[in-house]
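Visitor: The structure file protein.txt (compact mmCIF, C-alpha atoms) is provided below.
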```
# COMPACT_ATOMS: atom_id res chain seq x y z
CA MET H 18 7.64 -13.34 23.78
CA ALA H 19 4.07 -14.58 23.51
CA VAL H 20 3.33 -13.18 26.98
CA LEU H 21 4.70 -9.83 25.95
CA HIS H 22 2.56 -9.89 22.84
CA GLU H 23 -0.61 -10.79 24.77
CA ASP H 24 -0.03 -8.20 27.49
CA LEU H 25 0.63 -5.27 25.23
CA MET H 26 -1.57 -6.22 22.27
CA GLU H 27 -4.41 -4.02 23.48
CA GLU H 28 -2.15 -0.99 23.60
CA GLY H 29 -1.16 -1.31 19.96
CA PHE H 30 1.83 -3.60 20.10
CA THR H 31 2.68 -6.71 18.12
CA VAL H 32 5.53 -9.16 17.81
CA LEU H 33 6.62 -10.02 14.25
CA ALA H 34 8.56 -13.27 14.07
CA PHE H 35 10.97 -14.00 11.20
CA PRO H 36 12.29 -17.55 11.17
CA THR H 37 15.74 -17.68 9.65
CA ASN H 38 18.41 -20.29 9.24
CA ASP H 39 21.22 -17.74 9.03
CA PHE H 40 22.54 -18.97 12.38
CA HIS H 41 21.93 -22.65 11.72
CA GLN H 42 19.38 -23.32 14.40
CA GLU H 43 16.19 -23.31 12.43
CA LEU H 44 14.19 -26.17 10.92
CA GLY H 45 14.41 -26.81 7.22
CA SER H 46 11.01 -25.86 5.86
CA ASN H 47 8.00 -23.65 6.45
CA GLU H 48 5.79 -26.67 7.22
CA GLU H 49 8.14 -27.89 9.94
CA ILE H 50 8.31 -24.43 11.43
CA ALA H 51 4.53 -24.03 11.36
CA ASN H 52 4.17 -27.41 13.10
CA PHE H 53 6.80 -26.52 15.65
CA TRP H 54 5.06 -23.29 16.59
CA SER H 55 1.61 -24.84 16.80
CA ASN H 56 2.91 -27.74 18.93
CA GLU H 57 5.30 -25.90 21.22
CA PHE H 58 3.75 -22.45 21.44
CA PRO H 59 0.06 -22.79 20.59
CA GLU H 60 -0.53 -19.58 22.56
CA ALA H 61 1.62 -17.51 20.19
CA SER H 62 -0.91 -15.37 18.35
CA PHE H 63 1.53 -13.04 16.61
CA PRO H 64 2.34 -13.39 12.92
CA ILE H 65 5.15 -15.76 11.94
CA PHE H 66 6.60 -15.02 8.53
CA SER H 67 8.08 -17.29 5.92
CA LEU H 68 11.51 -18.83 6.45
CA SER H 69 14.06 -16.55 4.85
CA SER H 70 17.63 -15.43 4.83
CA LEU H 71 17.93 -12.05 6.52
CA GLU H 72 20.14 -10.97 3.65
CA ASP H 73 17.19 -11.25 1.24
CA ASN H 74 14.39 -10.38 3.62
CA PRO H 75 12.94 -7.00 2.58
CA VAL H 76 12.03 -6.15 6.16
CA TYR H 77 15.60 -6.64 7.34
CA GLN H 78 16.90 -4.80 4.27
CA LYS H 79 14.89 -1.78 5.37
CA ILE H 80 15.97 -2.13 8.99
CA ARG H 81 19.62 -2.27 7.90
CA GLU H 82 19.08 1.07 6.16
CA GLN H 83 17.39 2.50 9.25
CA LEU H 84 19.95 1.28 11.80
CA PRO H 85 23.10 0.61 9.77
CA ASP H 86 25.38 0.35 12.79
CA GLN H 87 23.26 -2.19 14.67
CA PRO H 88 23.32 -5.46 12.70
CA VAL H 89 21.78 -8.77 13.75
CA GLN H 90 24.54 -10.94 15.15
CA HIS H 91 22.61 -13.95 16.29
CA ASN H 92 19.15 -15.42 16.70
CA PHE H 93 16.60 -13.58 18.80
CA PHE H 94 17.92 -10.13 18.17
CA LYS H 95 14.98 -7.79 18.54
CA TYR H 96 14.22 -4.50 16.85
CA LEU H 97 11.73 -2.09 18.37
CA VAL H 98 9.79 -0.53 15.48
CA ASN H 99 7.74 2.65 15.87
CA ARG H 100 4.22 3.31 14.63
CA GLU H 101 5.46 4.45 11.22
CA GLY H 102 7.38 1.23 10.62
CA VAL H 103 10.87 2.53 11.30
CA ALA H 104 13.21 0.64 13.63
CA VAL H 105 14.36 2.81 16.52
CA LYS H 106 16.30 0.47 18.77
CA MET H 107 17.91 -2.95 18.88
CA PHE H 108 18.06 -5.46 21.74
CA THR H 109 20.45 -8.37 21.72
CA LYS H 110 19.78 -12.04 22.20
CA LYS H 111 20.58 -11.83 25.91
CA GLN H 112 17.83 -9.40 26.77
CA ASP H 113 14.83 -11.34 27.99
CA PRO H 114 11.67 -10.16 26.24
CA LEU H 115 9.89 -9.63 29.55
CA THR H 116 12.52 -7.16 30.73
CA LEU H 117 11.66 -5.05 27.70
CA LYS H 118 8.06 -4.73 28.76
CA ASP H 119 8.44 -1.50 30.71
CA GLU H 120 10.51 0.08 27.99
CA ILE H 121 8.02 -0.86 25.29
CA LYS H 122 5.19 0.35 27.48
CA SER H 123 6.76 3.76 27.99
CA PHE H 124 7.54 3.92 24.28
CA LEU H 125 3.89 3.15 23.49
CA HIS H 126 2.76 5.98 25.74
CA ASP H 127 5.32 8.46 24.42
CA ALA H 128 4.40 7.62 20.86
CA LYS H 129 0.74 8.31 21.57
CA LYS H 130 1.40 11.92 22.52
CA MET J 7 -43.88 9.59 -15.18
CA LEU J 8 -40.78 11.73 -14.62
CA LEU J 9 -39.70 11.35 -18.21
CA TRP J 10 -43.09 11.93 -19.76
CA ILE J 11 -43.62 15.06 -21.77
CA PRO J 12 -47.30 15.89 -22.31
CA PRO J 13 -48.09 16.10 -26.02
CA SER J 14 -49.50 19.34 -27.32
CA THR J 15 -53.27 19.01 -27.62
CA SER J 16 -53.85 21.61 -30.24
CA ALA J 17 -52.06 23.00 -33.22
CA PRO J 18 -49.98 26.02 -32.33
CA THR J 19 -51.85 29.19 -33.01
CA HIS J 20 -50.06 32.39 -33.56
CA GLY J 21 -51.02 35.40 -31.57
CA HIS J 22 -53.71 34.76 -29.02
CA LEU J 23 -53.45 31.62 -26.76
CA ASP J 24 -56.28 30.52 -24.51
CA ASP J 25 -55.60 29.40 -20.90
CA ASN J 26 -55.57 25.66 -21.74
CA GLU J 27 -52.93 26.17 -24.40
CA LYS J 28 -50.83 28.29 -22.07
CA GLY J 29 -51.05 25.62 -19.35
CA ASP J 30 -50.03 22.90 -21.82
CA LYS J 31 -47.06 24.91 -22.96
CA LEU J 32 -45.84 25.51 -19.40
CA ARG J 33 -46.25 21.87 -18.48
CA ARG J 34 -44.27 20.78 -21.55
CA ARG J 35 -41.50 23.21 -20.74
CA ALA J 36 -41.28 22.00 -17.14
CA ALA J 37 -41.21 18.35 -18.29
CA GLN J 38 -38.42 19.05 -20.77
CA ALA J 39 -36.37 20.78 -18.10
CA ARG J 40 -36.91 17.78 -15.82
CA LEU J 41 -35.77 15.38 -18.55
CA ARG J 42 -32.63 17.43 -19.14
CA ASN J 43 -31.76 17.43 -15.44
CA ILE J 44 -32.28 13.69 -15.11
CA LEU J 45 -30.09 12.92 -18.13
CA MET J 46 -27.39 15.21 -16.82
CA ILE J 47 -27.37 13.54 -13.38
CA LEU J 48 -27.30 10.06 -14.97
CA GLY J 49 -24.38 11.14 -17.13
CA LEU J 50 -22.46 12.43 -14.13
CA PHE J 51 -23.07 9.18 -12.24
CA MET J 52 -21.78 7.11 -15.13
CA LEU J 53 -18.72 9.33 -15.44
CA ALA J 54 -17.98 8.95 -11.73
CA PHE J 55 -18.49 5.18 -11.96
CA PHE J 56 -16.09 4.76 -14.88
CA ALA J 57 -13.53 6.98 -13.22
CA THR J 58 -13.65 4.80 -10.09
CA VAL J 59 -13.39 1.55 -12.04
CA SER J 60 -10.46 2.69 -14.12
CA GLN J 61 -8.69 4.02 -11.05
CA VAL J 62 -9.10 0.70 -9.22
CA GLN J 63 -7.79 -1.20 -12.25
CA TYR J 64 -4.84 1.13 -12.55
CA THR J 65 -3.97 0.76 -8.87
CA GLN J 66 -4.14 -3.04 -9.13
CA GLU J 67 -1.92 -3.08 -12.19
CA ARG J 68 0.52 -0.89 -10.36
CA ARG J 69 0.58 -3.24 -7.39
CA ALA J 70 1.09 -6.25 -9.61
CA GLN J 71 4.01 -4.56 -11.40
CA PRO J 72 5.40 -1.96 -9.05
CA SER J 73 8.44 -1.32 -11.21
CA LEU J 74 6.35 -0.55 -14.29
CA ARG J 75 7.36 2.83 -15.67
CA ILE J 76 7.38 4.43 -19.03
CA PRO J 77 11.03 4.97 -19.93
CA GLY J 78 11.89 8.60 -20.53
CA GLY J 79 8.65 9.83 -19.02
CA LYS J 80 6.85 13.07 -19.68
CA ASP J 81 10.01 15.13 -20.00
CA ARG J 82 11.02 13.60 -23.32
CA PRO J 83 10.52 16.35 -25.92
CA HIS J 84 8.31 15.88 -28.96
CA SER J 85 10.27 14.06 -31.64
CA GLU J 86 8.98 16.26 -34.50
CA ASP J 87 10.75 19.31 -33.08
CA LEU J 88 14.19 17.69 -33.21
CA THR J 89 16.91 17.22 -35.79
CA PRO J 90 18.17 13.64 -36.36
CA GLU J 91 21.41 14.39 -34.44
CA GLN J 92 19.45 15.53 -31.41
CA MET J 93 17.25 12.46 -31.69
CA ALA J 94 20.25 10.14 -31.65
CA GLU J 95 21.74 11.93 -28.67
CA LEU J 96 18.43 11.79 -26.82
CA GLY J 97 18.03 8.10 -27.59
CA ALA J 98 21.46 7.33 -26.17
CA LYS J 99 20.74 9.40 -23.07
CA SER J 100 17.44 7.76 -22.31
CA LYS J 101 18.99 4.34 -22.87
CA ASP J 102 21.64 5.16 -20.29
CA LEU J 103 18.91 6.32 -17.95
CA ASP J 104 16.95 3.08 -18.41
CA ASP J 105 20.00 0.94 -17.77
CA LYS J 106 20.74 2.87 -14.63
CA GLU J 107 17.19 2.49 -13.39
CA GLU J 108 17.28 -1.24 -13.98
CA SER J 109 20.43 -1.69 -11.95
CA ASP J 110 19.06 0.51 -9.15
CA GLU J 111 15.87 -1.49 -8.95
CA GLU J 112 17.72 -4.47 -7.58
CA HIS J 113 18.52 -2.50 -4.46
CA GLN J 114 15.42 -0.38 -4.11
CA ARG J 115 12.29 0.30 -6.04
CA PRO J 116 12.10 3.68 -7.71
CA PRO J 117 9.98 5.99 -5.58
CA ILE J 118 6.42 6.27 -6.76
CA VAL J 119 6.10 9.80 -8.10
CA ASP J 120 2.35 9.99 -8.36
CA ASP J 121 0.88 10.85 -4.96
CA PHE J 122 -2.66 10.16 -6.13
CA PHE J 123 -1.99 6.43 -6.44
CA GLU J 124 0.31 6.23 -3.44
CA PRO J 125 -1.17 3.45 -1.28
CA HIS J 126 0.28 4.59 2.08
CA PRO J 127 1.02 8.30 1.85
CA HIS J 128 1.36 8.71 5.62
CA LEU J 129 4.19 6.16 5.99
CA PRO J 130 7.84 7.11 5.40
CA GLN J 131 9.48 5.68 2.26
CA ASN J 132 11.65 3.27 4.25
CA SER J 133 8.84 2.01 6.48
CA ILE J 134 8.65 -1.77 6.86
CA TYR J 135 4.86 -1.35 6.94
CA ARG J 136 4.91 -0.63 3.20
CA LEU J 137 5.87 -4.22 2.43
CA THR J 138 3.79 -7.24 1.61
CA ILE J 139 5.57 -10.47 2.52
CA PRO J 140 4.65 -14.17 2.82
CA ASP J 141 4.02 -15.74 6.22
CA VAL J 142 4.94 -19.25 7.30
CA THR J 143 1.73 -20.73 5.86
CA GLY J 144 2.31 -19.07 2.49
CA ASN J 145 -0.30 -16.30 2.78
CA ARG J 146 0.83 -12.88 1.67
CA VAL J 147 0.67 -10.42 4.56
CA ASP J 148 0.19 -6.74 3.87
CA MET J 149 2.30 -5.11 6.58
CA SER J 150 0.23 -1.92 6.41
CA GLN J 151 -2.18 -3.64 8.81
CA PHE J 152 0.46 -2.99 11.51
CA ALA J 153 0.81 0.69 10.65
CA GLY J 154 0.09 2.73 13.76
CA MET J 155 1.33 -0.08 16.00
CA VAL J 156 4.63 -0.46 17.77
CA SER J 157 6.20 -3.80 16.90
CA LEU J 158 9.15 -5.95 17.90
CA VAL J 159 10.83 -7.61 14.93
CA VAL J 160 12.55 -10.82 16.03
CA ASN J 161 14.59 -13.31 14.05
CA THR J 162 13.66 -16.66 15.53
CA ALA J 163 14.98 -20.20 15.53
CA CYS J 164 13.56 -23.32 17.07
CA HIS J 165 16.65 -24.75 18.73
```
Show me the file's structure as structure tokens.
Guide:
Amino acid sequence: MAVLHEDLMEEGFTVLAFPTNDFHQELGSNEEIANFWSNEFPEASFPIFSLSSLEDNPVYQKIREQLPDQPVQHNFFKYLVNREGVAVKMFTKKQDPLTLKDEIKSFLHDAKK
Amino acid sequence: MLLWIPPSTSAPTHGHLDDNEKGDKLRRRAAQARLRNILMILGLFMLAFFATVSQVQYTQERRAQPSLRIPGGKDRPHSEDLTPEQMAELGAKSKDLDDKEESDEEHQRPPIVDDFFEPHPHLPQNSIYRLTIPDVTGNRVDMSQFAGMVSLVVNTACH
């Protein structure tokens, strides 16, 4: 994920990380999460938001309106969001971030035109 | 120097004026015109300044209380033109309206009607880049900084 962010940052791409305990695999507090990220992934330069429940998270509330038939079912579900801030596509947990690189790249170039 | 008006050197004489008196008179007229122009420009600057300040304050207030709205709005007719029965009816109606708005606000904010104070007019209403949300260190992040970028929203967990 961090690699993806670094590689495509220059072309106008960013990862937005939302820690959540909805699927019971997250640490208990923001401090622990901040420590975890700085210890395990010091290279991650993308924004990491506050621990929240996706039910209450305003970003996910908007995404649910935008893609009502594609809900998050587990951790590491990924939504591709266009330049206007509207989600256009969902990827499941199983899709490795690096395999999305070409797709994101072509989306970046299409969106430019 | 710019604001100085030369005093008249001699008592005004009716009829014939010599060249010095004519020169004085012209100079005084020019100076007065200059003074008028300067005062007008200063006034315009102050007006522009106050307009900017009040606009900034208004925008900040709006951000602090995004759901702030005058109930009833502009469309409420003038109360003097109405009979008591109409007033009562109107009151009940606007109360219903307010209640409805309050319950709607839990799901979504009422759309901001005034385009002039709209902070991100180019983004669609449902854009996630209109939000301001806290990050893991507690700072509030204005998502509009990502407007124009493609992003990948991921729900993460450490284990």
Visitor: Restrict the calculation to all atoms listed in the file, then for each residue of chain J with any atom at most 6 Å from an atom of chain H give the closest atom pair and their distance in Å to one decimal, rows by chain and rising residue number, as a Markdown table.
Guide:
```
| residue | atom | partner | partner_atom | distance |
| --- | --- | --- | --- | --- |
| J:Leu129 | CA | H:Glu101 | CA | 5.6 |
| J:Ser133 | CA | H:Gly102 | CA | 4.5 |
| J:Ile134 | CA | H:Gly102 | CA | 5.0 |
| J:Tyr135 | CA | H:Gly102 | CA | 5.2 |
| J:Pro140 | CA | H:Ser67 | CA | 5.6 |
| J:Asp141 | CA | H:Phe66 | CA | 3.5 |
| J:Val142 | CA | H:Ser67 | CA | 4.0 |
| J:Ala153 | CA | H:Arg100 | CA | 5.9 |
| J:Gly154 | CA | H:Arg100 | CA | 4.3 |
| J:Met155 | CA | H:Arg100 | CA | 4.7 |
| J:Val156 | CA | H:Asn99 | CA | 4.8 |
| J:Ser157 | CA | H:Thr31 | CA | 4.7 |
| J:Leu158 | CA | H:Leu97 | CA | 4.7 |
| J:Val159 | CA | H:Leu33 | CA | 4.9 |
| J:Val160 | CA | H:Lys95 | CA | 4.6 |
| J:Asn161 | CA | H:Phe35 | CA | 4.7 |
| J:Thr162 | CA | H:Pro36 | CA | 4.7 |
| J:Ala163 | CA | H:Glu43 | CA | 4.6 |
| J:Cys164 | CA | H:Glu43 | CA | 5.3 |
| J:His165 | CA | H:Gln42 | CA | 5.3 |
```
Visitor: At what distance in Å, to one decimal, does atom CA of Lys111 of chain H lie from atom CA of Ser123 of chain H?
Guide: 20.9 Å
Visitor: If I take atom CA of Asp148 of chain J and atom CA of Phe63 of chain H, how far is one from the other in Å, to one decimal?
Guide: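 Result for atom CA of Asp148 of chain J versus atom CA of Phe63 of chain H: 14.3 Å, one decimal.
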Visitor: For a test of reading the model, state the distance in Å between atom CA of Ile139 of chain J and atom CA of Ala70 of chain J, rounded to one decimal.
Guide: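 Going from atom CA of Ile139 of chain J over to atom CA of Ala70 of chain J, I get 13.6 Å.
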Visitor: As lines of an AutoDock Vina configuration file, please: the centre and edge lengths in Å, to one decimal, of an axis-aligned box enclosing every listed atom of segment 83-89 of chain H with 6 Å added on each side.
Guide:
```
center_x = 21.4
center_y = -3.1
center_z = 12.0
size_x = 20.0
size_y = 23.3
size_z = 17.4
```
Visitor: Considering only C-alpha atoms, can you say which of H:Asp113, H:Asp86, H:Asp127, H:Glu23 comes closest to Ser62 of chain H?
Guide: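 Smallest separation from Ser62 of chain H among the options: H:Glu23.
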